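File shown: coords_18.txt (compact mmCIF, C-alpha atoms (C1' of nucleotides)).
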```
# COMPACT_ATOMS: atom_id res chain seq x y z
CA MET A 1 39.02 -16.12 21.46
CA ALA A 2 36.72 -18.78 20.13
CA GLN A 3 34.08 -16.90 22.06
CA VAL A 4 34.84 -13.67 20.24
CA LEU A 5 34.81 -15.33 16.87
CA SER A 6 31.52 -17.00 17.53
CA GLU A 7 29.91 -13.75 18.64
CA GLN A 8 31.12 -12.07 15.52
CA ARG A 9 29.77 -14.90 13.44
CA VAL A 10 26.37 -14.49 15.07
CA ALA A 11 26.37 -10.77 14.45
CA GLU A 12 27.16 -11.33 10.79
CA ASP A 13 24.43 -13.88 10.40
CA ARG A 14 21.91 -11.55 11.90
CA ALA A 15 23.09 -8.73 9.70
CA VAL A 16 22.73 -10.70 6.52
CA ALA A 17 19.14 -11.71 7.17
CA VAL A 18 18.21 -8.16 8.05
CA ALA A 19 20.11 -6.81 5.07
CA ALA A 20 18.22 -9.13 2.74
CA TRP A 21 14.96 -8.05 4.29
CA THR A 22 15.59 -4.30 4.05
CA ARG A 23 16.76 -4.66 0.49
CA LEU A 24 13.64 -6.61 -0.35
CA LEU A 25 11.60 -3.73 1.05
CA ARG A 26 13.53 -1.16 -0.92
CA ALA A 27 13.63 -3.19 -4.10
CA TYR A 28 9.88 -3.54 -3.95
CA ALA A 29 9.39 0.16 -3.37
CA VAL A 30 11.71 1.21 -6.18
CA THR A 31 10.59 -1.20 -8.87
CA THR A 32 6.94 -0.93 -8.00
CA ARG A 33 6.87 2.85 -8.22
CA ARG A 34 8.57 2.89 -11.55
CA LEU A 35 6.67 0.06 -13.16
CA SER A 36 3.29 1.02 -11.81
CA ALA A 37 3.73 4.60 -12.95
CA GLU A 38 4.45 3.41 -16.48
CA LEU A 39 1.62 0.94 -16.48
CA HIS A 40 -0.79 3.52 -15.20
CA ALA A 41 0.30 6.23 -17.61
CA GLU A 42 0.21 4.05 -20.70
CA HIS A 43 -2.65 1.69 -19.98
CA GLY A 44 -4.59 3.07 -17.05
CA LEU A 45 -4.03 -0.09 -15.04
CA THR A 46 -2.55 -0.71 -11.62
CA ILE A 47 -0.17 -3.58 -11.16
CA ASN A 48 -2.88 -5.68 -9.58
CA ASP A 49 -5.33 -4.78 -12.34
CA TYR A 50 -2.76 -6.02 -14.77
CA GLU A 51 -1.92 -9.16 -12.86
CA ALA A 52 -5.59 -9.98 -12.50
CA LEU A 53 -6.25 -9.59 -16.23
CA LEU A 54 -3.17 -11.64 -16.98
CA ARG A 55 -4.20 -14.50 -14.75
CA LEU A 56 -7.71 -14.48 -16.11
CA SER A 57 -6.41 -14.54 -19.66
CA ARG A 58 -4.41 -17.65 -18.85
CA ALA A 59 -7.16 -19.40 -16.98
CA GLU A 60 -9.45 -21.98 -18.57
CA GLY A 61 -12.16 -20.08 -20.44
CA GLY A 62 -10.88 -16.71 -19.25
CA ARG A 63 -12.62 -17.09 -15.94
CA MET A 64 -11.73 -17.75 -12.35
CA LYS A 65 -13.56 -17.98 -9.09
CA ARG A 66 -13.07 -14.84 -7.11
CA VAL A 67 -11.41 -16.56 -4.16
CA GLU A 68 -9.10 -18.36 -6.51
CA LEU A 69 -8.10 -15.03 -7.95
CA ALA A 70 -7.58 -13.69 -4.44
CA ARG A 71 -5.22 -16.51 -3.57
CA SER A 72 -3.43 -16.14 -6.84
CA LEU A 73 -2.85 -12.41 -6.31
CA LEU A 74 -2.24 -12.68 -2.57
CA LEU A 75 -5.17 -10.43 -1.86
CA THR A 76 -7.94 -10.77 0.68
CA PRO A 77 -11.42 -11.54 -0.63
CA SER A 78 -12.48 -7.99 -0.02
CA GLY A 79 -9.48 -6.76 -1.93
CA VAL A 80 -10.62 -8.79 -4.91
CA THR A 81 -14.16 -7.52 -4.68
CA ARG A 82 -12.85 -3.98 -4.92
CA LEU A 83 -10.33 -4.74 -7.60
CA LEU A 84 -12.98 -6.39 -9.76
CA GLU A 85 -15.38 -3.52 -9.08
CA GLY A 86 -13.02 -1.31 -11.02
CA LEU A 87 -12.40 -3.78 -13.81
CA GLU A 88 -16.13 -4.44 -14.17
CA ARG A 89 -16.85 -0.73 -14.33
CA ALA A 90 -14.22 -0.47 -17.07
CA GLY A 91 -15.88 -3.33 -18.97
CA LEU A 92 -12.83 -5.56 -18.85
CA VAL A 93 -14.32 -8.23 -16.65
CA GLU A 94 -17.83 -9.55 -16.16
CA ARG A 95 -19.44 -11.17 -13.22
CA VAL A 96 -20.80 -14.63 -13.98
CA THR A 97 -22.71 -16.61 -11.43
CA CYS A 98 -22.32 -20.33 -11.13
CA PRO A 99 -25.56 -22.22 -11.76
CA THR A 100 -24.70 -25.20 -9.54
CA ASP A 101 -23.28 -23.31 -6.57
CA LEU A 102 -24.91 -19.99 -5.87
CA ARG A 103 -22.17 -18.89 -3.51
CA ILE A 104 -19.69 -18.75 -6.32
CA ALA A 105 -19.25 -15.86 -8.70
CA TYR A 106 -16.76 -16.08 -11.51
CA ALA A 107 -14.75 -13.21 -12.84
CA GLN A 108 -14.97 -13.56 -16.61
CA LEU A 109 -12.67 -11.70 -18.96
CA THR A 110 -14.49 -9.79 -21.71
CA ALA A 111 -13.20 -9.49 -25.26
CA GLU A 112 -12.08 -5.95 -24.49
CA GLY A 113 -10.41 -7.15 -21.33
CA ARG A 114 -8.47 -9.70 -23.30
CA GLU A 115 -7.32 -7.06 -25.74
CA ARG A 116 -6.25 -4.67 -23.03
CA ALA A 117 -4.40 -7.43 -21.23
CA ALA A 118 -2.51 -8.34 -24.40
CA ALA A 119 -1.68 -4.74 -25.22
CA ALA A 120 -0.54 -3.93 -21.70
CA SER A 121 1.41 -7.14 -21.40
CA CYS A 122 3.49 -6.34 -24.41
CA ALA A 123 4.57 -2.95 -23.09
CA HIS A 124 4.79 -3.98 -19.49
CA VAL A 125 7.01 -6.97 -20.12
CA GLY A 126 9.27 -4.58 -22.02
CA SER A 127 9.48 -2.23 -19.03
CA VAL A 128 10.15 -5.09 -16.66
CA ARG A 129 12.92 -6.44 -18.82
CA ALA A 130 14.42 -3.00 -19.32
CA LEU A 131 14.57 -2.43 -15.59
CA PHE A 132 15.82 -5.82 -14.52
CA GLU A 133 18.09 -6.72 -17.39
CA GLU A 134 19.86 -3.41 -17.26
CA HIS A 135 21.31 -4.36 -13.92
CA LEU A 136 21.27 -8.14 -13.76
CA SER A 137 22.40 -10.86 -16.15
CA PRO A 138 20.02 -13.68 -17.11
CA GLY A 139 21.94 -15.96 -14.77
CA GLN A 140 21.57 -13.55 -11.92
CA LEU A 141 17.88 -13.09 -12.62
CA ASP A 142 17.46 -16.81 -12.54
CA GLU A 143 19.30 -16.98 -9.24
CA LEU A 144 17.22 -14.13 -7.83
CA ALA A 145 13.97 -15.78 -8.83
CA ASP A 146 15.14 -19.03 -7.31
CA LEU A 147 16.12 -17.44 -3.98
CA LEU A 148 12.89 -15.49 -3.69
CA GLY A 149 10.94 -18.61 -4.57
CA ARG A 150 12.31 -20.37 -1.51
CA LEU A 151 10.41 -18.07 0.79
CA PRO A 152 7.18 -19.68 1.91
CA GLY A 153 4.19 -18.99 -0.30
CA VAL A 154 6.13 -17.22 -3.01
CA ALA A 155 6.52 -19.96 -5.61
CA GLU A 156 2.99 -21.31 -5.17
CA GLY A 157 1.34 -18.87 -7.54
CA ASP A 158 3.57 -19.71 -10.46
CA GLU A 159 1.53 -22.29 -12.34
CA ASN A 160 -0.72 -19.65 -13.81
CA CYS A 161 2.05 -17.25 -14.20
CA THR A 162 4.59 -18.59 -16.65
CA VAL A 163 5.14 -16.79 -19.89
CA GLU A 164 3.71 -18.73 -22.81
CA MET B 1 17.73 -24.26 -36.70
CA ALA B 2 19.91 -21.51 -35.32
CA GLN B 3 16.86 -19.35 -35.77
CA VAL B 4 14.74 -21.61 -33.62
CA LEU B 5 17.35 -21.80 -30.90
CA SER B 6 17.73 -18.06 -30.80
CA GLU B 7 14.01 -17.52 -30.53
CA GLN B 8 13.86 -19.96 -27.70
CA ARG B 9 16.72 -18.20 -25.99
CA VAL B 10 14.89 -14.88 -26.25
CA ALA B 11 11.74 -16.35 -24.80
CA GLU B 12 13.67 -17.76 -21.87
CA ASP B 13 15.36 -14.47 -21.19
CA ARG B 14 12.07 -12.67 -21.12
CA ALA B 15 10.60 -15.28 -18.85
CA VAL B 16 13.38 -15.02 -16.33
CA ALA B 17 13.10 -11.26 -15.92
CA VAL B 18 9.35 -11.50 -15.52
CA ALA B 19 9.68 -14.43 -13.16
CA ALA B 20 12.08 -12.46 -10.97
CA TRP B 21 9.69 -9.53 -10.97
CA THR B 22 6.58 -11.52 -10.05
CA ARG B 23 8.45 -13.32 -7.33
CA LEU B 24 9.66 -10.02 -5.96
CA LEU B 25 6.05 -8.88 -5.79
CA ARG B 26 4.95 -12.03 -4.05
CA ALA B 27 7.90 -12.18 -1.72
CA TYR B 28 7.18 -8.64 -0.63
CA ALA B 29 3.51 -9.39 -0.08
CA VAL B 30 4.14 -12.56 1.91
CA THR B 31 6.96 -11.35 4.13
CA THR B 32 5.44 -7.96 4.71
CA ARG B 33 2.11 -9.35 5.84
CA ARG B 34 3.69 -11.70 8.28
CA LEU B 35 6.28 -9.36 9.71
CA SER B 36 4.05 -6.32 9.89
CA ALA B 37 1.34 -8.29 11.63
CA GLU B 38 3.82 -9.35 14.30
CA LEU B 39 5.28 -5.92 14.67
CA HIS B 40 1.88 -4.37 14.97
CA ALA B 41 0.56 -6.90 17.44
CA GLU B 42 3.56 -6.80 19.73
CA HIS B 43 4.68 -3.20 19.48
CA GLY B 44 1.93 -1.22 17.81
CA LEU B 45 4.23 -0.11 15.03
CA THR B 46 4.00 -0.37 11.26
CA ILE B 47 7.07 -1.39 9.32
CA ASN B 48 7.70 2.18 8.32
CA ASP B 49 7.20 3.40 11.88
CA TYR B 50 9.82 0.93 12.90
CA GLU B 51 12.23 1.75 10.10
CA ALA B 52 11.88 5.44 10.85
CA LEU B 53 12.64 4.98 14.55
CA LEU B 54 15.56 2.75 13.68
CA ARG B 55 17.10 5.25 11.32
CA LEU B 56 16.62 8.07 13.77
CA SER B 57 18.24 6.05 16.53
CA ARG B 58 21.28 5.56 14.34
CA ALA B 59 21.51 9.13 13.17
CA GLU B 60 23.76 11.71 14.77
CA GLY B 61 21.98 13.00 17.86
CA GLY B 62 18.87 10.93 17.17
CA ARG B 63 17.63 13.46 14.67
CA MET B 64 17.21 13.79 10.93
CA LYS B 65 15.83 16.33 8.54
CA ARG B 66 12.45 15.24 7.37
CA VAL B 67 13.43 15.09 3.70
CA GLU B 68 16.47 13.07 4.60
CA LEU B 69 14.21 10.61 6.38
CA ALA B 70 11.95 10.54 3.36
CA ARG B 71 14.79 9.63 1.05
CA SER B 72 16.04 7.08 3.49
CA LEU B 73 12.65 5.36 3.72
CA LEU B 74 11.80 5.82 0.05
CA LEU B 75 8.74 7.82 0.98
CA THR B 76 7.45 11.05 -0.49
CA PRO B 77 7.64 14.16 1.69
CA SER B 78 3.95 13.96 2.36
CA GLY B 79 4.31 10.37 3.40
CA VAL B 80 6.87 11.40 5.97
CA THR B 81 4.68 14.19 7.30
CA ARG B 82 1.94 11.68 7.95
CA LEU B 83 4.23 9.04 9.32
CA LEU B 84 5.75 11.48 11.80
CA GLU B 85 2.30 12.78 12.71
CA GLY B 86 1.58 9.39 14.17
CA LEU B 87 4.94 9.03 15.90
CA GLU B 88 4.67 12.53 17.37
CA ARG B 89 1.20 11.82 18.66
CA ALA B 90 2.58 8.70 20.29
CA GLY B 91 5.36 10.73 21.88
CA LEU B 92 8.14 8.80 20.19
CA VAL B 93 9.41 11.64 18.06
CA GLU B 94 9.52 15.41 18.50
CA ARG B 95 9.56 18.17 15.99
CA VAL B 96 12.59 20.43 16.35
CA THR B 97 13.03 23.51 14.21
CA CYS B 98 16.40 24.54 12.92
CA PRO B 99 17.48 27.99 14.17
CA THR B 100 19.63 28.83 11.14
CA ASP B 101 17.28 27.66 8.40
CA LEU B 102 13.63 28.09 9.17
CA ARG B 103 12.55 25.85 6.35
CA ILE B 104 14.02 22.86 8.04
CA ALA B 105 12.33 20.83 10.73
CA TYR B 106 14.12 17.93 12.34
CA ALA B 107 12.50 14.76 13.53
CA GLN B 108 14.05 14.14 16.94
CA LEU B 109 13.77 10.83 18.73
CA THR B 110 12.50 11.12 22.31
CA ALA B 111 13.79 8.97 25.16
CA GLU B 112 10.65 6.91 24.94
CA GLY B 113 11.09 6.60 21.20
CA ARG B 114 14.57 5.28 21.69
CA GLU B 115 13.33 2.70 24.16
CA ARG B 116 10.53 1.56 21.92
CA ALA B 117 12.88 1.30 18.98
CA ALA B 118 15.29 -0.84 20.96
CA ALA B 119 12.54 -3.07 22.30
CA ALA B 120 10.91 -3.51 18.92
CA SER B 121 14.22 -4.05 17.20
CA CYS B 122 15.06 -6.97 19.39
CA ALA B 123 11.84 -8.81 18.66
CA HIS B 124 11.60 -7.75 15.05
CA VAL B 125 15.09 -8.84 14.15
CA GLY B 126 14.21 -12.18 15.66
CA SER B 127 11.14 -12.49 13.46
CA VAL B 128 13.05 -11.47 10.38
CA ARG B 129 15.74 -14.00 11.04
CA ALA B 130 13.23 -16.71 11.81
CA LEU B 131 11.46 -16.14 8.54
CA PHE B 132 14.48 -15.77 6.30
CA GLU B 133 16.87 -18.20 7.89
CA GLU B 134 14.31 -20.94 7.98
CA HIS B 135 14.41 -21.10 4.22
CA LEU B 136 17.74 -19.65 3.15
CA SER B 137 21.30 -20.29 4.25
CA PRO B 138 23.55 -17.37 5.25
CA GLY B 139 25.30 -17.69 1.91
CA GLN B 140 22.03 -17.54 0.05
CA LEU B 141 20.88 -14.54 2.08
CA ASP B 142 24.09 -12.79 1.22
CA GLU B 143 23.59 -13.59 -2.42
CA LEU B 144 20.00 -12.40 -2.29
CA ALA B 145 20.97 -9.11 -0.65
CA ASP B 146 23.66 -8.63 -3.26
CA LEU B 147 21.35 -9.26 -6.20
CA LEU B 148 18.62 -6.98 -4.87
CA GLY B 149 21.21 -4.32 -4.17
CA ARG B 150 22.09 -4.17 -7.85
CA LEU B 151 18.72 -2.71 -8.71
CA PRO B 152 18.94 1.05 -8.99
CA GLY B 153 18.29 2.96 -5.78
CA VAL B 154 18.18 -0.10 -3.57
CA ALA B 155 21.65 -0.13 -2.05
CA GLU B 156 21.78 3.65 -1.52
CA GLY B 157 19.98 3.68 1.79
CA ASP B 158 22.34 1.25 3.45
CA GLU B 159 24.76 3.54 5.26
CA ASN B 160 22.27 4.23 8.00
CA CYS B 161 21.02 0.75 7.96
CA THR B 162 23.78 -1.59 9.03
CA VAL B 163 23.37 -3.52 12.21
CA GLU B 164 25.62 -2.22 14.94
C1' DG C 1 -35.02 -33.55 7.05
C1' DG C 2 -33.29 -30.08 10.12
C1' DT C 3 -29.08 -28.18 12.36
C1' DG C 4 -24.35 -26.92 12.79
C1' DT C 5 -20.13 -25.97 10.31
C1' DA C 6 -17.62 -24.41 6.48
C1' DC C 7 -17.24 -21.58 2.36
C1' DT C 8 -17.94 -17.42 -0.84
C1' DA C 9 -18.53 -12.95 -1.20
C1' DT C 10 -19.73 -8.17 0.13
C1' DT C 11 -19.88 -3.98 3.06
C1' DG C 12 -18.40 -0.34 6.44
C1' DA C 13 -14.75 1.73 8.72
C1' DT C 14 -10.06 2.73 8.73
C1' DT C 15 -5.26 3.25 7.23
C1' DA C 16 -1.27 4.32 4.50
C1' DC C 17 0.29 6.53 0.86
C1' DG C 18 0.90 9.06 -3.60
C1' DC C 19 0.26 13.29 -6.48
C1' DA C 20 -0.53 18.07 -7.21
C1' DA C 21 -0.92 22.41 -5.38
C1' DC C 22 0.47 25.41 -2.11
C1' DT C 23 3.18 28.26 1.59
C1' DA C 24 7.28 29.68 3.53
C1' DC C 25 11.98 30.32 3.53
C1' DT C 26 16.83 30.63 1.28
C1' DT C 27 20.09 31.37 -2.29
C1' DT C 28 21.68 33.09 -6.53
C1' DA C 29 22.07 36.40 -10.28
C1' DG C 30 21.67 40.68 -12.24
C1' DC D 1 18.91 45.08 -3.21
C1' DT D 2 15.58 42.91 -5.52
C1' DA D 3 13.65 39.34 -8.54
C1' DA D 4 13.85 34.55 -9.86
C1' DA D 5 14.80 30.03 -8.91
C1' DG D 6 15.31 26.43 -5.78
C1' DT D 7 14.37 23.79 -1.38
C1' DA D 8 11.54 22.07 2.82
C1' DG D 9 7.44 20.94 4.31
C1' DT D 10 2.19 20.65 4.67
C1' DT D 11 -2.46 20.06 3.01
C1' DG D 12 -6.48 18.41 0.14
C1' DC D 13 -7.96 14.82 -2.40
C1' DG D 14 -8.06 10.33 -4.33
C1' DT D 15 -7.03 5.33 -4.21
C1' DA D 16 -5.84 0.62 -2.86
C1' DA D 17 -5.86 -2.32 0.55
C1' DT D 18 -6.81 -4.15 5.21
C1' DC D 19 -9.83 -6.08 9.12
C1' DA D 20 -14.12 -7.18 11.32
C1' DA D 21 -18.70 -8.06 10.80
C1' DT D 22 -22.31 -9.87 8.02
C1' DA D 23 -25.38 -12.54 4.71
C1' DG D 24 -26.30 -16.17 1.81
C1' DT D 25 -25.35 -20.86 0.25
C1' DA D 26 -23.76 -25.82 0.53
C1' DC D 27 -23.16 -29.95 2.75
C1' DA D 28 -22.38 -33.54 6.39
C1' DC D 29 -24.18 -35.92 10.05
C1' DC D 30 -27.37 -37.51 13.33
```
Can you dump the structure from the file as structure tokens?
Amino acid sequence: MAQVLSEQRVAEDRAVAVAAWTRLLRAYAVTTRRLSAELHAEHGLTINDYEALLRLSRAEGGRMKRVELARSLLLTPSGVTRLLEGLERAGLVERVTCPTDLRIAYAQLTAEGRERAAAASCAHVGSVRALFEEHLSPGQLDELADLLGRLPGVAEGDENCTVE
Amino acid sequence: MAQVLSEQRVAEDRAVAVAAWTRLLRAYAVTTRRLSAELHAEHGLTINDYEALLRLSRAEGGRMKRVELARSLLLTPSGVTRLLEGLERAGLVERVTCPTDLRIAYAQLTAEGRERAAAASCAHVGSVRALFEEHLSPGQLDELADLLGRLPGVAEGDENCTVE
DNA sequence: GGTGTACTATTGATTACGCAACTACTTTAG
DNA sequence: CTAAAGTAGTTGCGTAATCAATAGTACACC
């Protein structure tokens, strides 16, 4: 009897971890599709384009080392190279070399980049709020952010990421 | 004074929705990288390969209509075509046409597919639990699953998705 | 002061996926 | 019974990202 109960308990515990995981997958898929479609239609930016501009706009002097940006966006270095390729072509970001360390190249936000970031931010934050606040109360959102932040590596990128 | 408080309140509300959203992005990126690397290394499957096999193995007769699978995995029809291309080439899934409606093609799990699904499931569930349970209690996982499930379209795919 | 190790960044090849356009079949309405 | 509308699925094309391999630069240590 105790045996049966304990087996059931184990099965439930397994289920709940897997349920959280599958829902995380689905939640990502759903929200990402919707928000990235809006962002792309209205501002011609992908989510990572936007996040990159945002982080640059909050960084000291509007510039960041490329690796730093990679860590901040959870991208590989090559991912950042390609991301910035696009933003440079669009004139939103400039490449600035570091005089004291020739390995380093900064990504530097241009004036136009700063404008686009501000414009997109305004609309995008609206979309995000519309989607999330329609279904979750502020308390629940807080709880959700807290729980997700407990996963390793999730909360680390927050310093540069708070709303002013 | 009331004015100031209310403005502050608004700013906090905005922040919490955006915080939840960015953490969702990061949580997806972090967990996905880790779990998909393991799954790929040990079983040669992507996460969607795995999820597809899993859903097929739980479906009546080990088969599903391709659109049904698409909805279940939150993929577009073309995504499913390509996903199944790979699984068919690997001999894990077979294409079965429907005799009464020639538009329809079923994806049918093969014996080998069923084996691979079972083998991968065992290890993968272990990885998922290790990752999630290391940082969240069962109660918190339950709460997390609940909160994510409130987002539109997230909880819908669950029928086929419960652990047996 | 040269040599090995670590760091920054890019490139080539590959993969996974979405969108739009299309074909093929079925159902409904007239 | 046929025309129109709807549904299932595939294909071409484009894009974002990965990994592995590579090149250039900095620095520590003997």
Once chain A is superposed on chain B with a least-squares fit on all C-alpha pairs taken in order, can you show it as a CSV table (one decimal) with C-alpha atoms, in the frame of the given file?
```csv
chain,number,residue,atom,x,y,z
A,1,MET,CA,17.5,-24.1,-36.8
A,2,ALA,CA,19.8,-21.4,-35.5
A,3,GLN,CA,16.7,-19.2,-35.8
A,4,VAL,CA,14.6,-21.5,-33.7
A,5,LEU,CA,17.3,-21.7,-31.0
A,6,SER,CA,17.7,-18.0,-30.9
A,7,GLU,CA,13.9,-17.5,-30.5
A,8,GLN,CA,13.8,-19.9,-27.7
A,9,ARG,CA,16.7,-18.2,-26.1
A,10,VAL,CA,14.9,-14.9,-26.3
A,11,ALA,CA,11.8,-16.4,-24.8
A,12,GLU,CA,13.7,-17.8,-21.9
A,13,ASP,CA,15.4,-14.5,-21.2
A,14,ARG,CA,12.2,-12.7,-21.1
A,15,ALA,CA,10.7,-15.3,-18.9
A,16,VAL,CA,13.5,-15.1,-16.3
A,17,ALA,CA,13.2,-11.3,-15.9
A,18,VAL,CA,9.4,-11.5,-15.5
A,19,ALA,CA,9.8,-14.5,-13.2
A,20,ALA,CA,12.1,-12.5,-11.0
A,21,TRP,CA,9.8,-9.6,-11.0
A,22,THR,CA,6.6,-11.6,-10.1
A,23,ARG,CA,8.5,-13.4,-7.3
A,24,LEU,CA,9.7,-10.1,-6.0
A,25,LEU,CA,6.1,-8.9,-5.8
A,26,ARG,CA,5.0,-12.0,-4.1
A,27,ALA,CA,7.9,-12.2,-1.7
A,28,TYR,CA,7.2,-8.7,-0.7
A,29,ALA,CA,3.5,-9.4,-0.1
A,30,VAL,CA,4.2,-12.6,1.9
A,31,THR,CA,7.0,-11.3,4.1
A,32,THR,CA,5.5,-7.9,4.7
A,33,ARG,CA,2.1,-9.3,5.8
A,34,ARG,CA,3.7,-11.7,8.3
A,35,LEU,CA,6.3,-9.3,9.7
A,36,SER,CA,4.1,-6.3,9.9
A,37,ALA,CA,1.3,-8.3,11.6
A,38,GLU,CA,3.8,-9.3,14.3
A,39,LEU,CA,5.3,-5.9,14.6
A,40,HIS,CA,1.9,-4.4,14.9
A,41,ALA,CA,0.6,-6.9,17.4
A,42,GLU,CA,3.6,-6.8,19.7
A,43,HIS,CA,4.7,-3.2,19.5
A,44,GLY,CA,1.9,-1.2,17.8
A,45,LEU,CA,4.2,-0.1,15.0
A,46,THR,CA,4.0,-0.4,11.3
A,47,ILE,CA,7.1,-1.4,9.3
A,48,ASN,CA,7.7,2.2,8.3
A,49,ASP,CA,7.2,3.4,11.9
A,50,TYR,CA,9.8,0.9,12.9
A,51,GLU,CA,12.2,1.8,10.1
A,52,ALA,CA,11.9,5.5,10.9
A,53,LEU,CA,12.6,5.0,14.6
A,54,LEU,CA,15.5,2.8,13.7
A,55,ARG,CA,17.1,5.3,11.3
A,56,LEU,CA,16.6,8.1,13.8
A,57,SER,CA,18.2,6.1,16.5
A,58,ARG,CA,21.3,5.6,14.3
A,59,ALA,CA,21.5,9.1,13.2
A,60,GLU,CA,23.8,11.7,14.8
A,61,GLY,CA,22.0,13.0,17.9
A,62,GLY,CA,18.9,11.0,17.2
A,63,ARG,CA,17.6,13.5,14.7
A,64,MET,CA,17.2,13.8,11.0
A,65,LYS,CA,15.8,16.3,8.6
A,66,ARG,CA,12.4,15.3,7.4
A,67,VAL,CA,13.4,15.1,3.7
A,68,GLU,CA,16.4,13.1,4.6
A,69,LEU,CA,14.2,10.7,6.4
A,70,ALA,CA,11.9,10.6,3.3
A,71,ARG,CA,14.8,9.7,1.1
A,72,SER,CA,16.0,7.1,3.5
A,73,LEU,CA,12.7,5.4,3.7
A,74,LEU,CA,11.8,5.9,0.1
A,75,LEU,CA,8.7,7.9,1.0
A,76,THR,CA,7.4,11.1,-0.5
A,77,PRO,CA,7.7,14.2,1.7
A,78,SER,CA,4.0,14.0,2.4
A,79,GLY,CA,4.3,10.4,3.4
A,80,VAL,CA,6.9,11.4,6.0
A,81,THR,CA,4.7,14.2,7.3
A,82,ARG,CA,1.9,11.7,8.0
A,83,LEU,CA,4.2,9.1,9.3
A,84,LEU,CA,5.7,11.5,11.8
A,85,GLU,CA,2.3,12.8,12.7
A,86,GLY,CA,1.6,9.4,14.2
A,87,LEU,CA,4.9,9.1,15.9
A,88,GLU,CA,4.7,12.6,17.4
A,89,ARG,CA,1.2,11.8,18.7
A,90,ALA,CA,2.6,8.7,20.3
A,91,GLY,CA,5.4,10.8,21.9
A,92,LEU,CA,8.2,8.8,20.2
A,93,VAL,CA,9.4,11.7,18.1
A,94,GLU,CA,9.5,15.4,18.5
A,95,ARG,CA,9.5,18.2,16.0
A,96,VAL,CA,12.6,20.5,16.3
A,97,THR,CA,13.0,23.5,14.2
A,98,CYS,CA,16.3,24.6,12.9
A,99,PRO,CA,17.4,28.0,14.1
A,100,THR,CA,19.5,28.8,11.1
A,101,ASP,CA,17.2,27.6,8.4
A,102,LEU,CA,13.5,28.1,9.1
A,103,ARG,CA,12.4,25.8,6.3
A,104,ILE,CA,13.9,22.8,8.0
A,105,ALA,CA,12.3,20.8,10.7
A,106,TYR,CA,14.1,17.9,12.3
A,107,ALA,CA,12.5,14.8,13.5
A,108,GLN,CA,14.0,14.2,17.0
A,109,LEU,CA,13.8,10.9,18.7
A,110,THR,CA,12.5,11.1,22.3
A,111,ALA,CA,13.8,9.0,25.2
A,112,GLU,CA,10.6,6.9,25.0
A,113,GLY,CA,11.1,6.6,21.2
A,114,ARG,CA,14.6,5.3,21.7
A,115,GLU,CA,13.3,2.7,24.2
A,116,ARG,CA,10.5,1.6,21.9
A,117,ALA,CA,12.9,1.3,19.0
A,118,ALA,CA,15.3,-0.8,21.0
A,119,ALA,CA,12.5,-3.1,22.3
A,120,ALA,CA,10.9,-3.5,18.9
A,121,SER,CA,14.2,-4.1,17.2
A,122,CYS,CA,15.1,-7.0,19.4
A,123,ALA,CA,11.8,-8.8,18.7
A,124,HIS,CA,11.6,-7.8,15.1
A,125,VAL,CA,15.1,-8.8,14.2
A,126,GLY,CA,14.2,-12.2,15.7
A,127,SER,CA,11.1,-12.5,13.5
A,128,VAL,CA,13.0,-11.5,10.4
A,129,ARG,CA,15.7,-14.0,11.1
A,130,ALA,CA,13.2,-16.7,11.8
A,131,LEU,CA,11.4,-16.2,8.5
A,132,PHE,CA,14.5,-15.8,6.3
A,133,GLU,CA,16.8,-18.2,7.9
A,134,GLU,CA,14.3,-21.0,8.0
A,135,HIS,CA,14.4,-21.1,4.2
A,136,LEU,CA,17.7,-19.7,3.2
A,137,SER,CA,21.3,-20.3,4.3
A,138,PRO,CA,23.5,-17.4,5.3
A,139,GLY,CA,25.3,-17.8,2.0
A,140,GLN,CA,22.0,-17.6,0.1
A,141,LEU,CA,20.9,-14.6,2.1
A,142,ASP,CA,24.1,-12.9,1.3
A,143,GLU,CA,23.6,-13.6,-2.4
A,144,LEU,CA,20.0,-12.4,-2.3
A,145,ALA,CA,21.0,-9.2,-0.6
A,146,ASP,CA,23.7,-8.7,-3.2
A,147,LEU,CA,21.4,-9.3,-6.2
A,148,LEU,CA,18.7,-7.0,-4.8
A,149,GLY,CA,21.3,-4.4,-4.1
A,150,ARG,CA,22.2,-4.2,-7.8
A,151,LEU,CA,18.8,-2.8,-8.7
A,152,PRO,CA,19.0,1.0,-9.0
A,153,GLY,CA,18.4,2.9,-5.8
A,154,VAL,CA,18.2,-0.2,-3.6
A,155,ALA,CA,21.7,-0.2,-2.0
A,156,GLU,CA,21.8,3.6,-1.5
A,157,GLY,CA,20.0,3.6,1.8
A,158,ASP,CA,22.4,1.2,3.5
A,159,GLU,CA,24.8,3.5,5.3
A,160,ASN,CA,22.3,4.2,8.0
A,161,CYS,CA,21.0,0.8,8.0
A,162,THR,CA,23.7,-1.7,9.0
A,163,VAL,CA,23.4,-3.6,12.2
A,164,GLU,CA,25.7,-2.3,14.9
```
* Atomic distance CA of Glu112 (chain B) - CA of Val93 (chain B), expressed in Å with one decimal ->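 Calculated distance between CA of Glu112 (chain B) and CA of Val93 (chain B) is 8.4 Å.
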* Contact set, chain C to chain A: 9 Å, all atoms listed in the file, as a list in words ->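 Filtering chain C at 9 Å from chain A with all atoms listed in the file gives DC7, DT8, DA9, DT10 and DT11 of chain C.
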Suppose we keep C-alpha atoms (C1' of nucleotides); can you now write the selection as an mmCIF file, in the coordinates of the input?
```
data_model
loop_
_atom_site.group_PDB
_atom_site.id
_atom_site.type_symbol
_atom_site.label_atom_id
_atom_site.label_comp_id
_atom_site.auth_asym_id
_atom_site.auth_seq_id
_atom_site.Cartn_x
_atom_site.Cartn_y
_atom_site.Cartn_z
ATOM 1 C "C1'" DC C 7 -17.240 -21.580 2.360
ATOM 2 C "C1'" DT C 8 -17.940 -17.420 -0.840
ATOM 3 C "C1'" DA C 9 -18.530 -12.950 -1.200
ATOM 4 C "C1'" DT C 10 -19.730 -8.170 0.130
ATOM 5 C "C1'" DT C 11 -19.880 -3.980 3.060
#
```
